[in-house]
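Enquirer: One structure coming up, written as structure tokens, with questions to follow.
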Amino acid sequence: MKELSNIDNLIVLYEDNHIIAVNKRVGDIVQGDKTGDNPLSEIVKSFLKKKYNKLNNVFLGVVHRIDRPTSGVVIFAKTSKSLKRLNNMIKNSEIEKFYWAITKNKPEKRNDTLVHWLKKNPKNNKSTHFKKETENSKKAILHYKIIKELKNYYLLEVLLETGRHHQIRTQLSAVGCPIKGDLKYGYERSNKDGGICLHAKKISFSHPVTKKKILISAPLFEHDIWKEL
């Protein structure tokens, strides 16, 4: 049974006066949705309120999201100024996001750049890939390299150049390498924890206020195949 985050087991990776970064567990949702489940954003708010003995609500801005079945680093803004600046940085691709993904199939090349056009279908919450631009599609670019060969799997490091819906999941599936556990994009069976083997490993950016270079890395959770790493 997967262990979701709560105020007592929240894993804080970095915090200062302007931002806070946490290690999201599989199954957590970053922001509230139609499920009504308690989102990570509210858990972090409660954590800050308790830590600093705040009587009133604290400000917390959602900067970016990662999919519910994935894990890894997520940053939040603690001030409106940092939120605005981080949002602009996301928009201008000034934040580097590195992911680790485990696939059963070996990519054709050890490292490569994948370019597709993706179209989201809100009815089934799934993206479809195209080789050429089509109506309502968005260009998606990522760079990957194989960083480790396991007994029956391959560990890839992925650097996102764009941030599209289910981008890594869709693009790796498009080249015959669906992520382990990802039934939605072609893997044959699910993982025991209900998640997929996609982990937001590290994020690099210039601090929105101090301009200092920040690198935040999220340790792997000891579940399933990640133990082999």
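We name chains A, B, ... following the order of the structure tokens; residues begin at 1 in each chain, and ligands are numbered from 1 as shown.
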Find the residues of region 91-204 of chain A that sit at most 12 Å from region 42-64 of chain A; for each, write down the nearest two atoms and how far apart they are in Å, to one decimal. Count only C-alpha atoms. Sort by chain, then by number going up, and give it as CSV.

Expert:
residue,atom,partner,partner_atom,distance
A:Lys91,CA,A:His64,CA,10.6
A:Ile95,CA,A:His64,CA,10.6
A:Lys97,CA,A:His64,CA,10.7
A:Gly163,CA,A:His64,CA,9.5
A:Arg164,CA,A:His64,CA,11.5
A:His165,CA,A:His64,CA,11.8
A:Ala200,CA,A:His64,CA,11.8
A:Ile203,CA,A:His64,CA,11.5

Enquirer: Mind listing the alpha helix (DSSP H) residues of region 25-169 of chain A, per DSSP on the backbone, as a VMD selection string?

Expert: chain A and resid 40 to 51 80 to 91 167 to 169

Enquirer: Rank nothing, just name the residue among A:Lys151, A:Lys184, A:Arg189, A:Lys201 nearest to Ser71 (chain A), using only C-alpha atoms.

Expert: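 Among the listed residues, A:Lys201 lies closest to Ser71 (chain A).
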
Enquirer: Residues of region 9-229 of chain A classed as strand (DSSP E) by DSSP on the backbone are to be reported as a ChimeraX atom specification.

Expert: /A:12-15,19-24,61-62,71-77,96-103,111-121,126-130,138-149,154-160,198-206,213-217
